[in-house]
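Participant: After the structure tokens below, expect a handful of questions from me.
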Amino acid sequence: MELDERKLKILQAIIRTYLETGEPVGSRTISKYSDLNLSSATIRNEMSDLEEMGYILQPHTSAGRIPSDKGYRLYVDTMLDDKAQEVHGMKVELEEKAGKIDDLLKSVAKLLAVNTNYATMVSGPRYASKKVKFIQLTLVDDSDLLAVIVLDNNVVKNKMIHMKESMDQETVLRLNFIMNTTLNGLDVMAVIQKIKEQMGAHNSVIDSVLEIIGNALTEDEDLEIYTSGATNILKYPELADKSNAAQILSAFEEKKDLNQWIEQEPVGQNDDNHAIQVYIGGETQVESMKDCSLVTATYRIDDGVYGKVGIVGPKRMDYDKVVATLQSMMEQLDDIFKDNK
């Protein structure tokens, strides 16, 4: 007897429903909550075949079915294969785009520096929010688990977990698909209790995994910052004295202090969708630029994916020209990102 696509979909529906309810699953439930568009009678026949093949069990004569170990194994293997292919495909796509974006943002920094005669900086793209995309727990030995967390921006975090209690392979498999079906794309903290209830005695392991997930969601990745035209600062006497120039040029060269401007909160209200802002003197959080003005704008690649562009000059900079140039550049970037979606 062959496990065709229809049988596989019914088996997946049974397992997902059983995971959610913990109760044996009947044919009416599958016909009601699945998109198979099959009658209860047809589903019953398919369930009988699945039982004969050893993928599901009937705990009581009049009860519905529950997954067998063989059914769990097929479900987990299929799910992991699908997720691995999805992650790999997205990683390749993002790597291809990242190379183009990298070159593009370098060009943006250079063009703005040439057109304004000021110093410029452009941050690489960042993500407004992070969610869990995929979790893989692997039993290394009786007391150690390897946890691999893939976020929706394809950042991968991993950590070894030392367990106070032993855990068998079957429990790890069950924990894997409970984690993935419960956490996928959701706010982690909203579903912690649900996972703990389903795993019962293994709360210490759950706590360890959730701690790793929490760290992965809150850690800030190092952002690339592209700069150009730093020596333009030397054209302005008020910034060209030895002390000022050294601090500003050092900030552009080292770049570590420039992360502060990415987090800078807007001053006042701005209805422009590029959030163009002007920071004068002490309004900027970058200490080495306290004698400068900084004009910033936000570019958006996609929903939740954005970066910042900044132009640094003296307080007497030509604000009209800088804002107009920056607005024009942002509109061009909008067109480029729209065309490449």
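Ligands are numbered from 1 in the order shown, chains are lettered A, B, ... in the order of the structure tokens, and residues start at 1 in each chain.
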Just want the 9 Å neighbourhood of Ser288 of chain A, counted on only C-alpha atoms, with same-chain residues fewer than 3 positions away dropped. Output as a list of chain:residue names.
Facilitator: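 Skipping anything fewer than 3 positions along the chain leaves A:Asn244, A:Gln247, A:Ile248, A:Ser250, A:Ala251, A:Asp257, A:Gln285, A:Asp291, A:Cys292.
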Participant: In segment 9-173 of chain A, what's strand (DSSP E or B) per DSSP? Answer as JSON, numbers by chain?
Facilitator: {"A": [25, 56, 57, 65, 66, 67, 119, 120, 121, 122, 123, 126, 127, 132, 133, 134, 135, 136, 137, 138, 139, 140, 141, 144, 145, 146, 147, 148, 149, 150, 151, 156, 157, 158, 159, 160, 161, 162]}
Participant: Filtering to C-alpha atoms, could you give me those residues as a PDB file, in the first residue's frame?
Facilitator:
```
ATOM      1  CA  VAL A  25      -9.007  12.606  16.166  1.00  0.00           C
ATOM      2  CA  ILE A  56      -1.885   5.915  13.384  1.00  0.00           C
ATOM      3  CA  LEU A  57      -3.497   3.973  16.259  1.00  0.00           C
ATOM      4  CA  ARG A  65      -7.043   7.928  15.989  1.00  0.00           C
ATOM      5  CA  ILE A  66      -3.785   9.108  17.450  1.00  0.00           C
ATOM      6  CA  PRO A  67      -0.317   9.146  15.830  1.00  0.00           C
ATOM      7  CA  ALA A 119      30.588  63.563   4.996  1.00  0.00           C
ATOM      8  CA  THR A 120      28.059  60.750   4.639  1.00  0.00           C
ATOM      9  CA  MET A 121      27.212  57.463   6.332  1.00  0.00           C
ATOM     10  CA  VAL A 122      24.754  54.733   5.394  1.00  0.00           C
ATOM     11  CA  SER A 123      23.773  51.840   7.646  1.00  0.00           C
ATOM     12  CA  ARG A 126      18.244  45.973   9.969  1.00  0.00           C
ATOM     13  CA  TYR A 127      15.047  44.296  11.118  1.00  0.00           C
ATOM     14  CA  VAL A 132      11.361  32.389  15.460  1.00  0.00           C
ATOM     15  CA  LYS A 133      11.312  30.633  12.103  1.00  0.00           C
ATOM     16  CA  PHE A 134      12.670  27.218  12.978  1.00  0.00           C
ATOM     17  CA  ILE A 135      14.045  25.316  15.975  1.00  0.00           C
ATOM     18  CA  GLN A 136      16.135  22.159  15.905  1.00  0.00           C
ATOM     19  CA  LEU A 137      17.019  20.260  19.077  1.00  0.00           C
ATOM     20  CA  THR A 138      19.528  17.425  18.703  1.00  0.00           C
ATOM     21  CA  LEU A 139      20.356  14.904  21.430  1.00  0.00           C
ATOM     22  CA  VAL A 140      24.155  14.822  21.719  1.00  0.00           C
ATOM     23  CA  ASP A 141      24.265  12.386  24.624  1.00  0.00           C
ATOM     24  CA  ASP A 144      23.298  17.322  26.515  1.00  0.00           C
ATOM     25  CA  LEU A 145      21.157  18.911  23.811  1.00  0.00           C
ATOM     26  CA  LEU A 146      22.275  21.105  20.914  1.00  0.00           C
ATOM     27  CA  ALA A 147      19.719  23.856  20.247  1.00  0.00           C
ATOM     28  CA  VAL A 148      19.770  25.636  16.871  1.00  0.00           C
ATOM     29  CA  ILE A 149      17.440  28.627  16.480  1.00  0.00           C
ATOM     30  CA  VAL A 150      16.760  30.164  13.047  1.00  0.00           C
ATOM     31  CA  LEU A 151      15.110  33.606  13.114  1.00  0.00           C
ATOM     32  CA  VAL A 156      21.203  31.380  13.241  1.00  0.00           C
ATOM     33  CA  LYS A 157      21.876  31.025  16.970  1.00  0.00           C
ATOM     34  CA  ASN A 158      23.054  27.816  18.620  1.00  0.00           C
ATOM     35  CA  LYS A 159      23.946  26.701  22.104  1.00  0.00           C
ATOM     36  CA  MET A 160      24.620  23.499  24.026  1.00  0.00           C
ATOM     37  CA  ILE A 161      22.126  22.765  26.819  1.00  0.00           C
ATOM     38  CA  HIS A 162      23.168  20.587  29.741  1.00  0.00           C
TER      39      HIS A 162
END
```
Participant: Pull the helix (DSSP H, G or I) assignments for segment 6-122 of chain A out of DSSP run on the backbone, and list those residues as a ChimeraX atom specification.
Facilitator: /A:6-21,27-33,40-52,69-116
Participant: At a cut-off of 12 Å, using only C-alpha atoms, what residues contact Asp320 of chain A? Leave out same-chain residues fewer than 6 positions from it and give the result as a PyMOL selection string.
Facilitator: chain A and resi 116+278+295+326-327
Participant: As a count of residues only, please: the residues near Ser27 of chain A (cut-off 10 Å, only C-alpha atoms, same-chain neighbours under 5 positions excluded).
Facilitator: 15
Participant: From the list A:Met1, A:Met179, A:Ala230, A:Leu11, which residue is nearest Met53 of chain A when using only C-alpha atoms?
Facilitator: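 With only C-alpha atoms as the atom set, the closest residue is A:Met1.
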Participant: Do you have the atom CA of Gln332 of chain A-atom CA of Ala275 of chain A distance handy?
Facilitator: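 About the pair atom CA of Gln332 of chain A and atom CA of Ala275 of chain A: they are 15.4 Å apart.
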Participant: With only C-alpha atoms as the atoms that count, which of A:Met163, A:Leu104, A:Val286, A:Leu3 lies nearest to Tyr226 of chain A?
Facilitator: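 Using only C-alpha atoms, the shortest distance to Tyr226 of chain A belongs to A:Leu104.
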